[in-house]
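Printed here is start_20.cif (mmCIF, C-alpha atoms):
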data_model
#
loop_
_atom_site.label_atom_id
_atom_site.label_comp_id
_atom_site.auth_asym_id
_atom_site.auth_seq_id
_atom_site.Cartn_x
_atom_site.Cartn_y
_atom_site.Cartn_z
CA MET A 134 93.35 105.47 77.84
CA ILE A 135 95.78 107.10 80.24
CA VAL A 136 98.49 104.96 81.87
CA LEU A 137 100.10 105.76 85.21
CA PRO A 138 103.77 106.71 84.80
CA ASP A 139 106.55 104.37 85.85
CA SER A 140 107.45 106.73 88.67
CA ALA A 141 104.05 106.15 90.30
CA LEU A 142 104.35 102.38 89.85
CA ASP A 143 107.88 102.40 91.26
CA ALA A 144 106.51 104.15 94.34
CA LEU A 145 103.80 101.51 94.78
CA LEU A 146 106.36 98.70 94.63
CA ALA A 147 108.67 100.55 97.01
CA GLN A 148 105.85 100.89 99.54
CA ASP A 149 105.07 97.17 99.48
CA VAL A 150 108.56 95.72 99.05
CA PRO A 151 110.92 98.30 100.52
CA TYR A 152 113.70 95.87 101.56
CA GLY A 153 112.96 92.65 99.71
CA ASP A 154 110.37 89.93 100.24
CA LEU A 155 111.37 88.31 103.53
CA THR A 156 109.04 85.30 103.17
CA THR A 157 109.90 84.40 99.58
CA ASP A 158 113.61 85.00 100.12
CA SER A 159 113.70 82.95 103.33
CA LEU A 160 111.94 80.03 101.62
CA GLY A 161 114.57 80.00 98.87
CA LEU A 162 112.07 80.51 96.05
CA ALA A 163 114.20 82.96 94.10
CA GLY A 164 114.63 81.97 90.46
CA ARG A 165 112.14 79.12 90.46
CA PRO A 166 109.92 79.27 87.34
CA ALA A 167 106.33 80.23 88.02
CA THR A 168 103.13 81.44 86.40
CA MET A 169 100.51 83.89 87.67
CA ARG A 170 96.94 84.37 86.42
CA PHE A 171 94.35 87.02 87.31
CA ALA A 172 90.69 86.06 86.88
CA ALA A 173 87.41 87.84 87.60
CA ARG A 174 85.37 86.24 90.38
CA ALA A 175 82.26 88.08 89.17
CA ALA A 176 81.20 90.10 86.14
CA MET A 177 83.11 93.38 86.06
CA VAL A 178 84.51 96.15 83.90
CA LEU A 179 88.29 96.00 83.93
CA ALA A 180 90.44 98.98 84.84
CA GLY A 181 94.10 99.30 85.76
CA THR A 182 95.17 96.19 83.87
CA GLU A 183 97.89 98.08 81.99
CA GLU A 184 99.34 99.24 85.29
CA ALA A 185 99.13 95.73 86.76
CA ALA A 186 100.98 94.38 83.72
CA ARG A 187 103.68 97.03 84.03
CA LEU A 188 104.08 96.32 87.75
CA ILE A 189 104.74 92.67 86.94
CA GLU A 190 107.28 93.63 84.29
CA LYS A 191 109.04 96.05 86.62
CA ALA A 192 109.26 93.33 89.27
CA GLY A 193 110.94 90.99 86.75
CA GLY A 194 108.05 89.00 85.30
CA ARG A 195 106.87 88.60 81.68
CA LEU A 196 103.34 89.14 80.39
CA THR A 197 101.76 86.51 78.17
CA GLN A 198 98.22 87.96 78.07
CA VAL A 199 96.39 91.05 79.31
CA LEU A 200 92.96 92.48 78.46
CA PRO A 201 92.69 96.27 78.23
CA SER A 202 90.90 98.60 80.63
CA GLY A 203 87.29 99.12 79.65
CA THR A 204 86.72 95.46 78.77
CA SER A 205 83.60 93.86 80.24
CA VAL A 206 84.27 90.32 81.46
CA GLU A 207 82.17 87.58 82.97
CA ALA A 208 82.92 85.60 86.11
CA GLY A 209 85.83 83.23 85.60
CA THR A 210 87.45 85.19 82.77
CA VAL A 211 91.25 85.15 82.92
CA PHE A 212 92.29 88.67 81.99
CA LEU A 213 96.01 88.67 82.83
CA GLU A 214 98.64 85.94 82.62
CA SER A 215 102.35 86.16 83.34
CA GLU A 216 105.40 84.03 83.90
CA GLY A 217 108.82 84.43 85.39
CA PRO A 218 110.84 83.79 88.54
CA ALA A 219 108.66 83.06 91.56
CA ASP A 220 110.26 85.84 93.58
CA ALA A 221 109.49 88.40 90.85
CA LEU A 222 105.85 87.38 90.59
CA HIS A 223 105.45 87.40 94.36
CA ARG A 224 106.80 90.98 94.50
CA ALA A 225 104.15 92.23 92.07
CA TRP A 226 101.27 90.00 93.15
CA LYS A 227 99.38 91.96 95.81
CA VAL A 228 100.11 95.44 94.49
CA ALA A 229 98.88 94.52 91.01
CA GLN A 230 95.86 92.62 92.36
CA THR A 231 94.75 95.40 94.70
CA LEU A 232 95.19 98.07 92.04
CA THR A 233 92.99 96.23 89.56
CA GLU A 234 90.39 95.43 92.21
CA TYR A 235 89.93 99.05 93.30
CA ALA A 236 90.04 100.46 89.77
CA SER A 237 87.71 97.82 88.37
CA GLY A 238 85.25 98.45 91.19
CA ILE A 239 85.03 102.12 90.18
CA ALA A 240 84.78 101.26 86.48
CA THR A 241 82.04 98.68 87.11
CA ARG A 242 79.90 101.06 89.16
CA ALA A 243 80.37 103.81 86.56
CA ARG A 244 79.29 101.45 83.77
CA ARG A 245 76.15 100.46 85.67
CA ILE A 246 75.04 104.09 85.87
CA VAL A 247 75.88 104.62 82.19
CA ASP A 248 73.90 101.52 81.23
CA ALA A 249 70.95 102.60 83.38
CA ALA A 250 70.55 105.86 81.43
CA PRO A 251 71.33 105.26 77.74
CA GLY A 252 72.10 108.40 75.79
CA VAL A 253 72.79 110.43 78.93
CA THR A 254 76.27 111.68 79.84
CA VAL A 255 77.42 110.47 83.26
CA ALA A 256 80.03 112.76 84.78
CA CYS A 257 81.98 111.85 87.91
CA THR A 258 83.05 114.48 90.42
CA ARG A 259 86.51 115.09 91.81
CA LYS A 260 85.66 113.28 95.07
CA SER A 261 88.06 110.40 94.47
CA PHE A 262 90.24 109.18 97.33
CA PRO A 263 93.00 111.76 97.89
CA GLY A 264 96.24 110.64 96.25
CA ALA A 265 94.49 108.26 93.84
CA LYS A 266 93.11 110.71 91.27
CA ASP A 267 95.04 109.39 88.25
CA LEU A 268 93.84 105.83 88.75
CA SER A 269 90.32 106.97 89.65
CA VAL A 270 90.03 109.07 86.49
CA LYS A 271 91.23 106.16 84.40
CA ALA A 272 88.65 103.89 86.02
CA VAL A 273 85.84 106.40 85.39
CA LEU A 274 86.77 106.59 81.70
CA ALA A 275 87.05 102.80 81.49
CA GLY A 276 83.49 102.58 82.77
CA GLY A 277 82.22 104.83 79.98
CA ALA A 278 81.67 107.94 82.09
CA VAL A 279 83.48 111.28 81.88
CA MET A 280 84.94 113.64 84.46
CA HIS A 281 82.70 116.45 85.69
CA ARG A 282 85.72 118.51 86.66
CA MET A 283 89.31 117.50 87.32
CA GLY A 284 89.83 120.18 89.95
CA LEU A 285 89.30 123.83 90.77
CA SER A 286 91.58 125.26 88.11
CA GLU A 287 89.69 124.67 84.87
CA THR A 288 85.95 125.08 85.55
CA LEU A 289 83.56 127.71 86.86
CA LEU A 290 81.22 126.14 89.42
CA ILE A 291 79.53 128.54 91.81
CA PHE A 292 78.30 126.94 95.02
CA PRO A 293 76.06 128.58 97.64
CA GLU A 294 79.27 128.90 99.68
CA HIS A 295 80.58 131.23 96.97
CA ARG A 296 77.34 133.16 96.67
CA ALA A 297 77.38 133.86 100.41
CA PHE A 298 80.19 136.32 99.71
CA LEU A 299 78.52 138.01 96.72
CA SER A 300 76.26 141.02 96.71
CA GLY A 301 73.94 142.22 94.01
CA ARG A 302 71.72 140.34 91.62
CA PRO A 303 72.92 137.10 90.00
CA GLU A 304 72.75 138.75 86.56
CA ALA A 305 75.59 141.07 87.61
CA TRP A 306 78.11 138.52 88.85
CA ILE A 307 77.24 136.06 86.07
CA ALA A 308 77.93 138.81 83.51
CA GLU A 309 81.22 139.58 85.23
CA LEU A 310 82.23 135.93 85.18
CA ARG A 311 81.44 135.75 81.47
CA ARG A 312 83.58 138.83 80.86
CA LYS A 313 86.54 137.39 82.79
CA ALA A 314 86.31 133.87 81.36
CA PRO A 315 84.37 134.12 78.07
CA GLU A 316 85.39 130.64 76.91
CA LYS A 317 84.01 128.90 80.01
CA LYS A 318 80.54 127.60 80.81
CA ILE A 319 79.07 129.07 83.98
CA VAL A 320 77.77 126.31 86.26
CA VAL A 321 75.74 127.27 89.33
CA GLU A 322 74.46 124.94 92.04
CA ALA A 323 70.87 125.32 93.21
CA GLY A 324 69.03 123.75 96.12
CA SER A 325 65.43 124.29 95.03
CA VAL A 326 63.32 124.54 91.89
CA ALA A 327 62.69 128.26 92.41
CA GLU A 328 66.38 128.99 92.94
CA ALA A 329 67.32 126.94 89.88
CA VAL A 330 64.85 128.80 87.64
CA ALA A 331 66.01 132.20 88.93
CA LEU A 332 69.68 131.37 88.27
CA ALA A 333 68.85 130.08 84.79
CA GLU A 334 66.97 133.27 84.00
CA ALA A 335 70.00 135.23 85.25
CA GLY A 336 72.12 133.60 82.55
CA ALA A 337 73.74 130.48 84.02
CA ASP A 338 74.70 127.93 81.36
CA VAL A 339 74.37 124.86 83.59
CA ILE A 340 72.16 124.45 86.64
CA GLN A 341 73.49 121.79 89.00
CA LEU A 342 70.68 120.51 91.21
CA GLU A 343 71.92 119.53 94.64
CA LYS A 344 70.08 116.41 95.83
CA LEU A 345 66.78 117.28 94.16
CA PRO A 346 64.57 114.36 93.03
CA PRO A 347 63.71 113.60 89.39
CA ASP A 348 60.33 115.37 89.54
CA ALA A 349 62.09 118.57 90.64
CA ALA A 350 64.55 118.21 87.76
CA ARG A 351 61.62 117.85 85.36
CA ALA A 352 60.03 121.01 86.80
CA VAL A 353 63.23 123.01 86.25
CA ILE A 354 63.58 121.74 82.68
CA GLU A 355 59.97 122.63 81.85
CA ALA A 356 60.26 126.08 83.45
CA THR A 357 63.46 126.99 81.59
CA ARG A 358 62.99 125.42 78.17
CA HIS A 359 61.82 128.77 76.76
CA LEU A 360 65.20 130.39 77.46
CA THR A 361 67.63 130.87 74.58
CA PRO A 362 69.71 128.90 75.02
CA ALA A 363 67.99 126.70 77.56
CA PRO A 364 70.34 125.73 80.38
CA VAL A 365 71.69 122.24 80.92
CA VAL A 366 70.00 120.82 84.01
CA ALA A 367 72.33 118.44 85.82
CA PRO A 368 71.26 116.53 88.93
CA ALA A 369 74.09 116.06 91.42
CA GLY A 370 74.32 114.43 94.81
CA GLY A 371 72.66 111.09 95.31
CA VAL A 372 72.69 110.06 91.64
CA THR A 373 73.12 106.28 91.42
CA GLU A 374 72.28 103.38 89.14
CA ALA A 375 68.99 103.08 91.03
CA ASN A 376 67.66 106.51 89.99
CA ALA A 377 69.64 107.33 86.83
CA ALA A 378 66.83 106.11 84.58
CA ALA A 379 64.30 108.31 86.41
CA TYR A 380 66.46 111.39 85.89
CA ALA A 381 66.86 110.51 82.22
CA ALA A 382 63.09 110.11 81.88
CA ALA A 383 62.67 113.55 83.45
CA GLY A 384 64.65 115.01 80.56
CA CYS A 385 68.13 115.31 82.10
CA ARG A 386 70.97 114.72 79.68
CA LEU A 387 73.83 115.14 82.16
CA LEU A 388 74.11 113.33 85.49
CA VAL A 389 76.77 114.31 88.01
CA THR A 390 77.75 111.63 90.50
CA SER A 391 80.34 110.55 93.04
CA ALA A 392 78.80 107.11 93.49
CA PRO A 393 81.39 105.11 91.49
CA PHE A 394 84.11 106.09 93.96
CA PHE A 395 82.33 104.57 96.95
CA GLY A 396 81.75 100.84 97.22
CA GLN A 397 83.39 97.45 97.33
CA PRO A 398 86.42 96.76 95.15
CA ALA A 399 85.97 94.18 92.43
CA ASP A 400 87.05 90.65 93.40
CA VAL A 401 90.03 89.27 91.51
CA LYS A 402 91.30 85.71 91.99
CA VAL A 403 95.05 85.26 91.63
CA THR A 404 96.64 81.88 90.95
CA LEU A 405 100.41 81.83 91.46
CA GLN A 406 102.05 78.42 91.08
CA PRO A 407 105.13 76.60 89.75
CA ALA A 408 105.46 76.60 85.99
#
File written out as structure tokens:
Amino acid sequence: MIVLPDSALDALLAQDVPYGDLTTDSLGLAGRPATMRFAARAAMVLAGTEEAARLIEKAGGRLTQVLPSGTSVEAGTVFLESEGPADALHRAWKVAQTLTEYASGIATRARRIVDAAPGVTVACTRKSFPGAKDLSVKAVLAGGAVMHRMGLSETLLIFPEHRAFLSGRPEAWIAELRRKAPEKKIVVEAGSVAEAVALAEAGADVIQLEKLPPDAARAVIEATRHLTPAPVVAPAGGVTEANAAAYAAAGCRLLVTSAPFFGQPADVKVTLQPA
């Protein structure tokens, strides 16, 4: 599991505590022994706990327990405990709490889609919040999903917006793509069953169905299963835990989704008190 570098965590602390903690310092709490516990208020899949632990250490606290990212916990489970000077724990408190809440929310939603379609690969898009890709990717992996594509540099995905600039038959530009990048799969987005079948017959390796329902996905699979090799048919856009099982039943073995990135953060209860 990836871990955010110290430089990123330093930046988070600097944003929240740029010139000291005015409240804690003014109350004279510096140096007083304290403990801090993080607990799940509801069932969730943890993510970002390693970063939360490191934030506490960097602020001057000591970890006594932490559960790893990817762990499923029930409501009430204490998943992180620390001790140290009250001022140190106060510095790390909100940054560490918020980080685990957002990351665990993504991981939990990803796990729900994975659980809804056993045996199917759930791949999350690159539509994470700008500036939070590293943490978002970690949360996706913690939830048991994979990344559809990390960015524009490593995959071939031809959208209708690309095809608007192309002339000639799809067979021609697909063959040219294969010549230029022979080690890459050629993924093409389609907006209808007929378009999907035509692109598959032209040689696309993966047909990404843009917001087509499960019955349309089934129709594409049935119409292209005679091809050698048959393309991977991947629904995208609108794939959620509510319809993942229907897509799996239609024969899809890859689901592309942005849903885990959008929703409520997980709810983490923090108890910070004198030792």
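Ranking A:Ala323, A:Ala337, A:Val273, A:Ala250 by their shortest atom-to-atom distance to Val365 (chain A), with only C-alpha atoms included, puts A:Ala337 first.
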Could you pull the residues within 9 Å of Val270 (chain A), counting all atoms listed in the file, minus those fewer than 3 positions along the same chain, as a ChimeraX atom specification?
/A:135,257,259,261,265-267,273-275,279-280,283
Find the residues of region 203-240 of chain A that sit at most 10 Å from region 150-156 of chain A; for each, write down the nearest two atoms and how far apart they are in Å, to one decimal. Count all atoms listed in the file. Sort by chain, then by number going up, and give it as JSON lines.
{"residue": "A:Asp220", "atom": "CA", "partner": "A:Asp154", "partner_atom": "CA", "distance": 7.8}
{"residue": "A:Ala221", "atom": "CA", "partner": "A:Asp154", "partner_atom": "CA", "distance": 9.6}
{"residue": "A:His223", "atom": "CA", "partner": "A:Asp154", "partner_atom": "CA", "distance": 8.1}
{"residue": "A:Arg224", "atom": "CA", "partner": "A:Val150", "partner_atom": "CA", "distance": 6.8}
{"residue": "A:Ala225", "atom": "CA", "partner": "A:Val150", "partner_atom": "CA", "distance": 9.0}
{"residue": "A:Val228", "atom": "CA", "partner": "A:Val150", "partner_atom": "CA", "distance": 9.6}
Once the PyMOL selection byres ((chain A and resi 405) around 7) has been evaluated on this model, what residues remain selected, and can you format them as number ranges by chain?
A: 168-170, 403-404, 406
Who sits within 12 Å of Leu310 (chain A), only C-alpha atoms, same chain under 2 positions skipped, as JSON, numbers by chain
{"A": [288, 289, 290, 291, 303, 304, 305, 306, 307, 308, 312, 313, 314, 315, 316, 317, 318, 319, 320, 321, 336, 337, 338]}
Hey, what comes out of the PyMOL selection byres ((chain A and resi 186) around 10) on this file? Could you write it as a VMD selection string?
chain A and resid 181 to 185 187 to 191 194 to 200 213 to 215 225 229
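The space separating CA of Gly203 (chain A) from CA of Ala272 (chain A) comes to 8.1 Å.
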With a distance cut-off of 9 Å and all atoms listed in the file, select the neighbouring residues of region 377-380 of chain A, excluding the residue or stretch itself and same-chain residues fewer than 3 positions from it, and output the selection as a list in words.
Ile246, Val247, Ala249, Ala250, Pro251, Pro346, Pro347, Asp348, Ala350, Arg351, Pro368, Val372, Thr373, Glu374, Ala383, Gly384, Cys385, Arg386 and Leu388 of chain A
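For the set A:Val401, A:Glu216, A:Ala147, A:Gln341, the residue with the smallest atom-to-atom gap to Val178 (chain A) is A:Val401, counting only C-alpha atoms.
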As an exercise, work out the distance from CA of Thr390 (chain A) to CA of Arg242 (chain A) in Å and give it to one decimal place.
10.9 Å
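Remark: for Ala192 (chain A), the closest of the candidate residues A:Ala219, A:Ala399, A:Ala297, A:Leu137 is A:Ala219 (distances computed over all atoms listed in the file).
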Rounded to one decimal, what separation in Å do you get between CA of Pro364 (chain A) and CA of Val339 (chain A)?
5.2 Å
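Using all atoms listed in the file, the nearest neighbour of Gly238 (chain A) within the list A:Ala356, A:Ala180, A:Asp158, A:Leu332 is A:Ala180.
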Could you list, as an mmCIF file with C-alpha atoms, in the frame of the given file, every residue matched by the PyMOL selection byres ((chain A and resi 330) around 10) in this structure?
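Saved the output as out-v2.cif:
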data_model
loop_
_atom_site.group_PDB
_atom_site.id
_atom_site.type_symbol
_atom_site.label_atom_id
_atom_site.label_comp_id
_atom_site.auth_asym_id
_atom_site.auth_seq_id
_atom_site.Cartn_x
_atom_site.Cartn_y
_atom_site.Cartn_z
ATOM 1 C CA ALA A 323 70.870 125.320 93.210
ATOM 2 C CA SER A 325 65.430 124.290 95.030
ATOM 3 C CA VAL A 326 63.320 124.540 91.890
ATOM 4 C CA ALA A 327 62.690 128.260 92.410
ATOM 5 C CA GLU A 328 66.380 128.990 92.940
ATOM 6 C CA ALA A 329 67.320 126.940 89.880
ATOM 7 C CA ALA A 331 66.010 132.200 88.930
ATOM 8 C CA LEU A 332 69.680 131.370 88.270
ATOM 9 C CA ALA A 333 68.850 130.080 84.790
ATOM 10 C CA GLU A 334 66.970 133.270 84.000
ATOM 11 C CA ALA A 335 70.000 135.230 85.250
ATOM 12 C CA ALA A 337 73.740 130.480 84.020
ATOM 13 C CA ILE A 340 72.160 124.450 86.640
ATOM 14 C CA ALA A 352 60.030 121.010 86.800
ATOM 15 C CA VAL A 353 63.230 123.010 86.250
ATOM 16 C CA ILE A 354 63.580 121.740 82.680
ATOM 17 C CA GLU A 355 59.970 122.630 81.850
ATOM 18 C CA ALA A 356 60.260 126.080 83.450
ATOM 19 C CA THR A 357 63.460 126.990 81.590
ATOM 20 C CA PRO A 364 70.340 125.730 80.380
#
